>>> print(open('protein04.txt').read())   # compact mmCIF, C-alpha atoms and all ligand atoms
# COMPACT_ATOMS: atom_id res chain seq x y z
CA MET A 1 20.88 4.99 -2.46
CA LEU A 2 17.93 6.72 -0.81
CA PHE A 3 14.64 5.76 -2.45
CA ALA A 4 12.94 8.93 -3.71
CA ALA A 5 9.20 9.09 -4.25
CA HIS A 6 8.10 12.01 -6.44
CA ILE A 7 4.39 12.76 -6.51
CA ILE A 8 3.01 15.18 -9.07
CA THR A 9 -0.48 16.18 -7.96
CA ALA A 10 -2.90 19.09 -7.64
CA TYR A 11 -3.41 17.95 -4.02
CA PRO A 12 0.09 17.77 -2.51
CA HIS A 13 -1.36 18.06 1.02
CA MET A 14 -2.77 14.54 0.69
CA PHE A 15 0.83 13.30 1.18
CA PRO A 16 2.37 11.61 3.05
CA GLY A 17 -1.09 10.93 4.55
CA PRO A 18 -1.24 7.28 5.55
CA LEU A 19 2.33 6.76 4.34
CA GLY A 20 3.42 8.96 7.27
CA GLU A 21 2.16 6.33 9.75
CA SER A 22 3.27 2.88 10.87
CA LEU A 23 6.09 1.11 8.99
CA SER A 24 6.42 3.53 6.06
CA GLY A 25 6.09 6.52 8.41
CA ARG A 26 8.84 5.27 10.68
CA ALA A 27 11.00 4.57 7.62
CA LEU A 28 10.34 8.10 6.34
CA ALA A 29 11.34 9.57 9.71
CA ASP A 30 14.43 7.34 9.78
CA GLY A 31 15.45 8.59 6.32
CA LEU A 32 15.09 5.23 4.55
CA TRP A 33 13.07 6.92 1.81
CA GLN A 34 12.19 10.49 0.92
CA LEU A 35 9.06 12.10 -0.41
CA GLN A 36 8.82 15.09 -2.71
CA THR A 37 5.48 16.45 -3.87
CA HIS A 38 5.22 18.67 -6.94
CA ASP A 39 2.12 20.85 -7.29
CA LEU A 40 0.53 20.56 -10.75
CA ARG A 41 -0.98 24.03 -10.27
CA ASN A 42 2.48 25.58 -10.52
CA PHE A 43 2.44 24.53 -14.16
CA GLY A 44 -1.08 25.79 -14.90
CA HIS A 45 -2.05 28.56 -17.29
CA GLY A 46 -3.46 32.03 -16.85
CA LYS A 47 -4.61 33.97 -13.84
CA HIS A 48 -6.26 30.90 -12.33
CA GLN A 49 -3.39 28.54 -13.15
CA ASN A 50 -5.74 26.23 -15.03
CA ILE A 51 -4.46 22.73 -15.51
CA ASP A 52 -7.49 21.22 -17.26
CA ASP A 53 -9.81 22.05 -20.12
CA THR A 54 -12.96 20.72 -21.78
CA PRO A 55 -12.61 17.55 -23.86
CA ALA A 56 -12.09 18.05 -27.58
CA GLY A 57 -15.05 16.58 -29.46
CA GLY A 58 -17.30 16.96 -26.43
CA GLY A 59 -18.16 14.58 -23.61
CA ALA A 60 -18.33 14.62 -19.85
CA GLY A 61 -15.77 16.06 -17.47
CA MET A 62 -12.45 17.75 -18.03
CA VAL A 63 -9.07 16.68 -19.37
CA LEU A 64 -5.62 17.34 -17.91
CA ARG A 65 -3.68 19.41 -20.44
CA ALA A 66 -0.69 17.80 -22.13
CA ASP A 67 1.51 20.88 -21.73
CA VAL A 68 0.73 21.07 -18.00
CA ALA A 69 1.42 17.36 -17.41
CA ALA A 70 4.65 17.56 -19.43
CA GLY A 71 5.72 20.79 -17.74
CA ALA A 72 5.35 19.22 -14.31
CA LEU A 73 7.03 15.94 -15.27
CA ASP A 74 9.92 17.59 -17.15
CA ASN A 75 10.54 19.86 -14.17
CA VAL A 76 11.24 16.75 -12.09
CA THR A 77 13.21 14.76 -14.67
CA ASP A 78 15.29 17.79 -15.76
CA ASN A 79 16.00 19.29 -12.34
CA VAL A 80 16.21 16.44 -9.85
CA LYS A 81 19.49 14.55 -10.05
CA GLY A 82 18.97 10.99 -11.31
CA ALA A 83 15.21 11.49 -11.78
CA ASP A 84 15.42 11.04 -15.56
CA LYS A 85 16.18 7.36 -14.87
CA LEU A 86 13.16 6.72 -12.61
CA PRO A 87 10.04 4.84 -13.73
CA VAL A 88 7.18 7.27 -14.43
CA ILE A 89 3.80 5.91 -13.38
CA LEU A 90 0.42 7.22 -14.43
CA PRO A 91 -2.27 5.61 -12.27
CA SER A 92 -5.15 4.83 -14.60
CA PRO A 93 -8.03 2.33 -14.69
CA ARG A 94 -7.06 1.48 -18.26
CA GLY A 95 -3.48 0.58 -17.29
CA GLN A 96 -1.79 -2.74 -16.66
CA LEU A 97 -3.00 -4.28 -13.38
CA PHE A 98 -0.69 -3.56 -10.45
CA SER A 99 0.91 -6.68 -8.93
CA GLN A 100 3.34 -7.81 -6.27
CA GLU A 101 5.77 -8.57 -9.09
CA MET A 102 5.69 -4.91 -10.14
CA ALA A 103 6.16 -3.84 -6.52
CA ARG A 104 9.26 -6.04 -6.29
CA ASP A 105 10.67 -4.61 -9.55
CA TRP A 106 10.03 -1.03 -8.50
CA ALA A 107 11.62 -1.60 -5.09
CA GLU A 108 14.90 -2.16 -6.99
CA ALA A 109 14.70 1.32 -8.54
CA ASP A 110 16.20 4.45 -6.95
CA GLY A 111 12.70 5.88 -6.72
CA LEU A 112 9.44 6.43 -8.58
CA ILE A 113 7.59 9.32 -10.15
CA PHE A 114 3.78 9.26 -9.93
CA LEU A 115 1.63 11.60 -11.97
CA CYS A 116 -1.75 11.79 -10.25
CA ASN A 117 -4.68 12.86 -12.36
CA ARG A 118 -8.16 13.84 -11.13
CA PHE A 119 -10.05 14.37 -14.35
CA GLU A 120 -11.63 12.15 -17.00
CA GLY A 121 -8.19 11.60 -18.42
CA VAL A 122 -4.90 13.08 -19.59
CA ASP A 123 -4.47 14.43 -23.10
CA GLU A 124 -3.36 11.35 -25.07
CA ARG A 125 -0.54 13.29 -26.73
CA PHE A 126 1.22 13.60 -23.36
CA ILE A 127 1.08 9.81 -22.98
CA GLU A 128 2.44 9.29 -26.51
CA ALA A 129 5.23 11.80 -26.05
CA ARG A 130 6.43 10.92 -22.51
CA ARG A 131 5.41 7.25 -22.36
CA PRO A 132 4.52 6.93 -18.67
CA LEU A 133 3.61 3.46 -17.46
CA GLU A 134 -0.18 3.35 -17.09
CA VAL A 135 -0.95 1.18 -14.07
CA SER A 136 -4.34 0.30 -12.59
CA LEU A 137 -5.08 -0.59 -9.01
CA GLY A 138 -8.03 -2.73 -10.08
CA ASP A 139 -11.17 -2.84 -12.16
CA TYR A 140 -13.02 0.01 -10.49
CA VAL A 141 -12.93 3.78 -10.84
CA LEU A 142 -11.43 6.02 -8.15
CA GLY A 143 -11.78 9.78 -8.05
CA GLY A 144 -8.11 10.40 -8.65
CA GLY A 145 -4.64 8.89 -8.89
CA GLU A 146 -3.54 9.88 -5.37
CA LEU A 147 -4.92 6.92 -3.43
CA ALA A 148 -3.78 4.56 -6.17
CA ALA A 149 -0.26 6.03 -5.95
CA MET A 150 -0.30 5.66 -2.16
CA ALA A 151 -1.36 2.03 -2.37
CA MET A 152 1.31 1.19 -4.95
CA LEU A 153 3.93 3.12 -3.03
CA GLU A 154 3.09 1.37 0.23
CA ALA A 155 3.47 -2.02 -1.45
CA VAL A 156 6.92 -0.92 -2.68
CA LEU A 157 8.13 0.81 0.49
CA ARG A 158 7.62 -2.21 2.71
CA LEU A 159 9.99 -4.15 0.43
CA LEU A 160 12.83 -1.62 0.75
CA PRO A 161 15.81 -2.82 2.79
CA GLY A 162 15.37 -1.99 6.49
CA VAL A 163 11.71 -0.92 6.29
CA MET A 164 10.22 -4.18 7.53
CA GLY A 165 11.74 -5.69 10.64
CA LYS A 166 12.50 -9.40 10.83
CA ALA A 167 9.21 -9.85 12.66
CA GLU A 168 7.25 -8.59 9.67
CA SER A 169 9.41 -10.33 7.07
CA GLY A 170 7.99 -10.22 3.57
CA THR A 171 9.59 -13.37 2.26
CA ASP A 172 6.81 -15.79 3.18
CA GLU A 173 3.57 -14.00 2.40
CA SER A 174 0.88 -14.03 -0.25
CA PHE A 175 2.26 -13.89 -3.83
CA SER A 176 5.88 -14.30 -2.61
CA ALA A 177 8.30 -16.73 -4.23
CA ALA A 178 8.92 -18.55 -0.93
CA ASN A 179 5.19 -19.20 -0.87
CA ASP A 180 5.22 -20.28 -4.55
CA GLY A 181 2.95 -17.36 -5.37
CA LEU A 182 0.08 -18.84 -3.35
CA LEU A 183 -2.28 -16.99 -1.04
CA GLU A 184 -1.22 -17.24 2.57
CA TYR A 185 -2.24 -19.98 5.04
CA PRO A 186 -4.50 -19.22 8.07
CA HIS A 187 -3.00 -17.52 11.15
CA TYR A 188 -3.81 -17.99 14.86
CA THR A 189 -2.74 -16.44 18.12
CA ARG A 190 -3.74 -16.47 21.80
CA PRO A 191 -6.09 -17.31 23.41
CA GLN A 192 -5.88 -21.04 22.74
CA GLU A 193 -9.67 -21.19 22.82
CA TRP A 194 -12.03 -18.41 21.78
CA GLU A 195 -15.86 -18.62 21.53
CA GLY A 196 -15.58 -22.39 21.72
CA ARG A 197 -13.07 -22.54 18.84
CA ALA A 198 -9.66 -24.05 19.52
CA ILE A 199 -6.51 -23.46 17.49
CA PRO A 200 -6.01 -26.59 15.31
CA ASP A 201 -3.79 -29.13 17.15
CA ILE A 202 -1.38 -29.33 14.25
CA VAL A 203 -0.56 -25.63 14.62
CA THR A 204 0.43 -25.87 18.28
CA GLY A 205 1.61 -29.52 18.28
CA GLY A 206 5.29 -28.70 17.74
CA ASP A 207 5.91 -30.95 14.71
CA HIS A 208 7.41 -28.42 12.30
CA GLU A 209 7.39 -30.68 9.26
CA LYS A 210 3.76 -31.62 9.70
CA LEU A 211 2.87 -27.97 10.27
CA ALA A 212 4.70 -26.89 7.11
CA ALA A 213 2.84 -29.54 5.09
CA TRP A 214 -0.48 -28.47 6.62
CA ARG A 215 0.17 -24.80 5.88
CA ARG A 216 1.11 -25.66 2.33
CA ALA A 217 -2.07 -27.68 1.83
CA GLU A 218 -4.19 -24.89 3.31
CA ALA A 219 -2.52 -22.30 1.06
CA GLU A 220 -3.16 -24.47 -1.99
CA ALA A 221 -6.79 -25.13 -1.07
CA LEU A 222 -7.42 -21.44 -0.39
CA THR A 223 -5.83 -20.34 -3.66
CA GLN A 224 -7.74 -22.96 -5.66
CA LYS A 225 -11.04 -21.94 -4.12
CA ARG A 226 -10.74 -18.17 -4.00
CA ARG A 227 -8.51 -17.42 -6.93
CA PRO A 228 -8.91 -20.04 -9.67
CA ASP A 229 -7.29 -17.57 -12.07
CA LEU A 230 -4.15 -17.37 -9.94
CA TRP A 231 -4.15 -21.14 -9.38
CA ASP A 232 -4.29 -21.82 -13.15
CA LYS A 233 -1.51 -19.32 -13.77
CA LEU A 234 0.69 -21.00 -11.16
CA ALA A 235 -0.14 -24.45 -12.57
CA GLY A 236 1.00 -23.20 -15.98
CA LYS A 237 4.24 -21.94 -14.43
CA ARG A 238 4.88 -25.32 -12.77
CA GLU A 239 4.35 -27.05 -16.14
CA ASP A 240 6.81 -24.67 -17.81
CA GLU A 241 9.42 -25.33 -15.15
CA LYS A 242 9.09 -29.08 -15.67
CA ASN A 243 9.65 -28.79 -19.43
N1 LIG A 301 -12.50 8.44 -17.30
C1 LIG A 301 -11.63 7.47 -16.76
C2 LIG A 301 -11.71 7.45 -15.24
C3 LIG A 301 -11.26 8.73 -14.60
S1 LIG A 301 -11.11 8.62 -12.86
C4 LIG A 301 -11.99 6.10 -17.31
O1 LIG A 301 -13.15 5.87 -17.59
O2 LIG A 301 -11.09 5.26 -17.45
C5 LIG A 301 -9.98 9.91 -12.50
C6 LIG A 301 -8.55 9.51 -12.31
O3 LIG A 301 -8.46 8.66 -11.16
C7 LIG A 301 -7.91 8.71 -13.42
O4 LIG A 301 -7.43 9.52 -14.44
C8 LIG A 301 -6.78 8.00 -12.68
O5 LIG A 301 -5.69 8.86 -12.53
C9 LIG A 301 -7.38 7.75 -11.31
N2 LIG A 301 -7.93 6.39 -11.19
C10 LIG A 301 -9.23 6.03 -11.18
N3 LIG A 301 -9.39 4.71 -11.05
C11 LIG A 301 -8.17 4.17 -10.97
C12 LIG A 301 -7.68 2.84 -10.84
N4 LIG A 301 -8.49 1.78 -10.77
N5 LIG A 301 -6.35 2.67 -10.79
C13 LIG A 301 -5.51 3.71 -10.88
N6 LIG A 301 -5.91 5.00 -11.01
C14 LIG A 301 -7.22 5.25 -11.05
>>> encode(input="protein04.txt", output="C-alpha cells")
Amino acid sequence: MLFAAHIITAYPHMFPGPLGESLSGRALADGLWQLQTHDLRNFGHGKHQNIDDTPAGGGAGMVLRADVAAGALDNVTDNVKGADKLPVILPSPRGQLFSQEMARDWAEADGLIFLCNRFEGVDERFIEARRPLEVSLGDYVLGGGELAAMAMLEAVLRLLPGVMGKAESGTDESFSAANDGLLEYPHYTRPQEWEGRAIPDIVTGGDHEKLAAWRRAEAEALTQKRRPDLWDKLAGKREDEKN
C-alpha cells in the first residue's frame, strides 16, 4: 500500500520542501509515497478565515481553535479512504520525545497525519476529544510544527521499502537493532592520507573479523562517552535479556 502523508497546516507551500529532494524526493517522484497538504485556513471562521484566538484567562500569544483543528482533521479522517486508521501526530515540545523506534513503528503504517500548529498551543479540548499523539523533536522551542513534521517524516520515509538503496542500507546505523542500539562507529574514505592523518590500519587491513570487533569497540566507547543516558538504557536492556 502506498504510504500517504497528510499535513494539516496554515502554510501548505512549505511542503514538500526538503522532502522533495534527494532520497525522499526521488521516492515521491517514483510514487513510493504520496503527500497531501490540507490548508487549515479553509476551516477558519469569518471573513478573514480566522483559525486562532486570544488565550482564555490571558497570557501571551494566540491559541489554535479547537473547532478549526477538529474541522481540518475530521475532513481528512472522514473523507480520505483509510485515513481514519492512520496515526495522528501533533508536533509539540510537551510531547513524548521522537525516536528511531517511533520512526520504525510509523513506517509500518499506511501513512501519517500531522497537525502543524504555529501558535502558543492548541485548545486543550481538541486534544482531549481527538487524542492526537503529541510528539516532540527535542527540548527546544521551534516556531511551528512544520519543520518538526518534516524531520519526523524524513526519518520514516527513508525506512519505507524501496526508498533507500542497498548502498544506503538502514540496517546497520545508529540506534538500529543490528548495531545493538549504539551510536555508529567512525567512517573513512579516500584519500588514504589527508593532512598527515592516515586511515587506521585496521580499517584497511582486510581482516574482517578484527575490523568488526574494532568497530564494535569504537561504537561502545562513543556511546558511553557521548550518551551515558543511552548507554545505561542499553545496559539495562542487556540485563533484562539475560534474566
Ligand atoms: N507555547 C509552547 C510552544 C509553542 S511553539 C510551549 O511552551 O510548549 C509553536 C508550535 O511549534 C508548537 O505548538 C508546536 O506545534 C511546534 N513546536 C515547537 N517546538 C517543537 C518541538 N520541540 N517539537 C515539536 N513541535 C514543536
>>> closest_residue(input="protein04.txt", among="A:Asp123, A:Phe3, A:Asn42, A:Ile89", to="Pro55 in chain A", atoms="all atoms listed in the file")
A:Asp123
>>> closest_residue(input="protein04.txt", among="A:Val135, A:Ala56, A:Ala221, A:Leu73", to="ligand LIG 301 (chain A)", atoms="all atoms listed in the file")
A:Val135
>>> closest_residue(input="protein04.txt", among="A:Gly205, A:Gly162, A:Gly71, A:Gly236", to="Arg26 in chain A", atoms="all atoms listed in the file")
A:Gly162
>>> residues_around(input="protein04.txt", residues="Thr204 in chain A", least_positions_apart="6", cutoff="10 Å", atoms="all atoms listed in the file", output="PyMOL selection string")
chain A and resi 188-189+192+211
>>> write_last_selection(input="protein04.txt", atoms="C-alpha atoms", output="short mmCIF file (atom, residue, chain, number, x, y, z; two decimals), in the frame of the given file")
data_model
loop_
_atom_site.label_atom_id
_atom_site.label_comp_id
_atom_site.auth_asym_id
_atom_site.auth_seq_id
_atom_site.Cartn_x
_atom_site.Cartn_y
_atom_site.Cartn_z
CA TYR A 188 -3.81 -17.99 14.86
CA THR A 189 -2.74 -16.44 18.12
CA GLN A 192 -5.88 -21.04 22.74
CA LEU A 211 2.87 -27.97 10.27
#
>>> closest_residue(input="protein04.txt", among="A:Leu40, A:Ala129, A:Ala103, A:Ala149", to="ligand LIG 301 (chain A)", atoms="only C-alpha atoms and all ligand atoms")
A:Ala149
>>> closest_atom_pairs(input="protein04.txt", of="chain A", to="ligand LIG 301 (chain A)", cutoff="7 Å", atoms="only C-alpha atoms and all ligand atoms", output="JSON lines")
{"residue": "A:Leu90", "atom": "CA", "partner": "A:LIG301", "partner_atom": "O5", "distance": 6.6}
{"residue": "A:Pro91", "atom": "CA", "partner": "A:LIG301", "partner_atom": "N6", "distance": 3.9}
{"residue": "A:Ser92", "atom": "CA", "partner": "A:LIG301", "partner_atom": "N6", "distance": 3.7}
{"residue": "A:Pro93", "atom": "CA", "partner": "A:LIG301", "partner_atom": "C12", "distance": 3.9}
{"residue": "A:Arg94", "atom": "CA", "partner": "A:LIG301", "partner_atom": "O2", "distance": 5.6}
{"residue": "A:Cys116", "atom": "CA", "partner": "A:LIG301", "partner_atom": "O5", "distance": 5.4}
{"residue": "A:Asn117", "atom": "CA", "partner": "A:LIG301", "partner_atom": "O5", "distance": 4.1}
{"residue": "A:Arg118", "atom": "CA", "partner": "A:LIG301", "partner_atom": "C6", "distance": 4.5}
{"residue": "A:Phe119", "atom": "CA", "partner": "A:LIG301", "partner_atom": "C5", "distance": 4.8}
{"residue": "A:Glu120", "atom": "CA", "partner": "A:LIG301", "partner_atom": "N1", "distance": 3.8}
{"residue": "A:Gly121", "atom": "CA", "partner": "A:LIG301", "partner_atom": "O4", "distance": 4.6}
{"residue": "A:Val122", "atom": "CA", "partner": "A:LIG301", "partner_atom": "O4", "distance": 6.8}
{"residue": "A:Val135", "atom": "CA", "partner": "A:LIG301", "partner_atom": "C13", "distance": 6.1}
{"residue": "A:Ser136", "atom": "CA", "partner": "A:LIG301", "partner_atom": "N5", "distance": 3.6}
{"residue": "A:Leu137", "atom": "CA", "partner": "A:LIG301", "partner_atom": "N5", "distance": 3.9}
{"residue": "A:Gly138", "atom": "CA", "partner": "A:LIG301", "partner_atom": "N4", "distance": 4.6}
{"residue": "A:Asp139", "atom": "CA", "partner": "A:LIG301", "partner_atom": "N4", "distance": 5.5}
{"residue": "A:Tyr140", "atom": "CA", "partner": "A:LIG301", "partner_atom": "N4", "distance": 4.9}
{"residue": "A:Val141", "atom": "CA", "partner": "A:LIG301", "partner_atom": "N3", "distance": 3.7}
{"residue": "A:Leu142", "atom": "CA", "partner": "A:LIG301", "partner_atom": "C10", "distance": 3.7}
{"residue": "A:Gly143", "atom": "CA", "partner": "A:LIG301", "partner_atom": "O3", "distance": 4.7}
{"residue": "A:Gly144", "atom": "CA", "partner": "A:LIG301", "partner_atom": "O3", "distance": 3.1}
{"residue": "A:Gly145", "atom": "CA", "partner": "A:LIG301", "partner_atom": "O5", "distance": 3.8}
{"residue": "A:Ala148", "atom": "CA", "partner": "A:LIG301", "partner_atom": "C13", "distance": 5.1}
>>> residues_near_point(input="protein04.txt", point="(14.9, 16.3, -12.0)", cutoff="10 Å", atoms="all atoms listed in the file", output="VMD selection string")
chain A and resid 6 73 to 86
>>> residues_around(input="protein04.txt", residues="Asp52 in chain A", least_positions_apart="4", cutoff="8 Å", atoms="all atoms listed in the file", output="list in words")
Met62, Val63, Leu64, Arg65 and Phe119 of chain A
>>> residues_around(input="protein04.txt", residues="Met150 in chain A", least_positions_apart="4", cutoff="8 Å", atoms="all atoms listed in the file", output="VMD selection string")
chain A and resid 18 to 19 146 154
>>> residues_around(input="protein04.txt", residues="Ala217 in chain A", least_positions_apart="6", cutoff="12 Å", atoms="all atoms listed in the file", output="PyMOL selection string")
chain A and resi 179+182-186+210-211+223-224
>>> write_last_selection(input="protein04.txt", atoms="C-alpha atoms", output="mmCIF file, in the frame of the given file")
data_model
loop_
_atom_site.group_PDB
_atom_site.id
_atom_site.type_symbol
_atom_site.label_atom_id
_atom_site.label_comp_id
_atom_site.auth_asym_id
_atom_site.auth_seq_id
_atom_site.Cartn_x
_atom_site.Cartn_y
_atom_site.Cartn_z
ATOM 1 C CA ASN A 179 5.190 -19.200 -0.870
ATOM 2 C CA LEU A 182 0.080 -18.840 -3.350
ATOM 3 C CA LEU A 183 -2.280 -16.990 -1.040
ATOM 4 C CA GLU A 184 -1.220 -17.240 2.570
ATOM 5 C CA TYR A 185 -2.240 -19.980 5.040
ATOM 6 C CA PRO A 186 -4.500 -19.220 8.070
ATOM 7 C CA LYS A 210 3.760 -31.620 9.700
ATOM 8 C CA LEU A 211 2.870 -27.970 10.270
ATOM 9 C CA THR A 223 -5.830 -20.340 -3.660
ATOM 10 C CA GLN A 224 -7.740 -22.960 -5.660
#
>>> atom_distance(input="protein04.txt", atom1="CA of Thr9 in chain A", atom2="CA of His48 in chain A")
16.4 Å
>>> atom_distance(input="protein04.txt", atom1="CA of Gly206 in chain A", atom2="CA of Ala177 in chain A")
25.2 Å
>>> atom_distance(input="protein04.txt", atom1="CA of Gly44 in chain A", atom2="CA of Met152 in chain A")
26.6 Å
>>> residues_around(input="protein04.txt", residues="Arg104 in chain A", least_positions_apart="6", cutoff="12 Å", atoms="all atoms listed in the file", output="PDB file with C-alpha atoms, in the coordinates of the input")
ATOM      1  CA  PHE A  98      -0.690  -3.560 -10.450  1.00  0.00           C
ATOM      2  CA  MET A 152       1.310   1.190  -4.950  1.00  0.00           C
ATOM      3  CA  LEU A 153       3.930   3.120  -3.030  1.00  0.00           C
ATOM      4  CA  GLU A 154       3.090   1.370   0.230  1.00  0.00           C
ATOM      5  CA  ALA A 155       3.470  -2.020  -1.450  1.00  0.00           C
ATOM      6  CA  VAL A 156       6.920  -0.920  -2.680  1.00  0.00           C
ATOM      7  CA  LEU A 157       8.130   0.810   0.490  1.00  0.00           C
ATOM      8  CA  ARG A 158       7.620  -2.210   2.710  1.00  0.00           C
ATOM      9  CA  LEU A 159       9.990  -4.150   0.430  1.00  0.00           C
ATOM     10  CA  LEU A 160      12.830  -1.620   0.750  1.00  0.00           C
ATOM     11  CA  PRO A 161      15.810  -2.820   2.790  1.00  0.00           C
ATOM     12  CA  GLY A 170       7.990 -10.220   3.570  1.00  0.00           C
ATOM     13  CA  THR A 171       9.590 -13.370   2.260  1.00  0.00           C
ATOM     14  CA  PHE A 175       2.260 -13.890  -3.830  1.00  0.00           C
ATOM     15  CA  SER A 176       5.880 -14.300  -2.610  1.00  0.00           C
ATOM     16  CA  ALA A 177       8.300 -16.730  -4.230  1.00  0.00           C
TER      17      ALA A 177
END
>>> closest_residue(input="protein04.txt", among="A:Asp110, A:Glu173, A:Asp232, A:Glu241", to="Ala219 in chain A", atoms="only C-alpha atoms")
A:Glu173
>>> axis_aligned_box(input="protein04.txt", around="range 178-188 of chain A", padding_each_side="3 Å", output="JSON")
{"center_x": 2.2, "center_y": -18.6, "center_z": 4.7, "size_x": 19.4, "size_y": 9.3, "size_z": 26.2}
>>> closest_residue(input="protein04.txt", among="A:Val203, A:Ala107, A:Ala5, A:Leu230", to="Asp180 in chain A", atoms="all atoms listed in the file")
A:Leu230
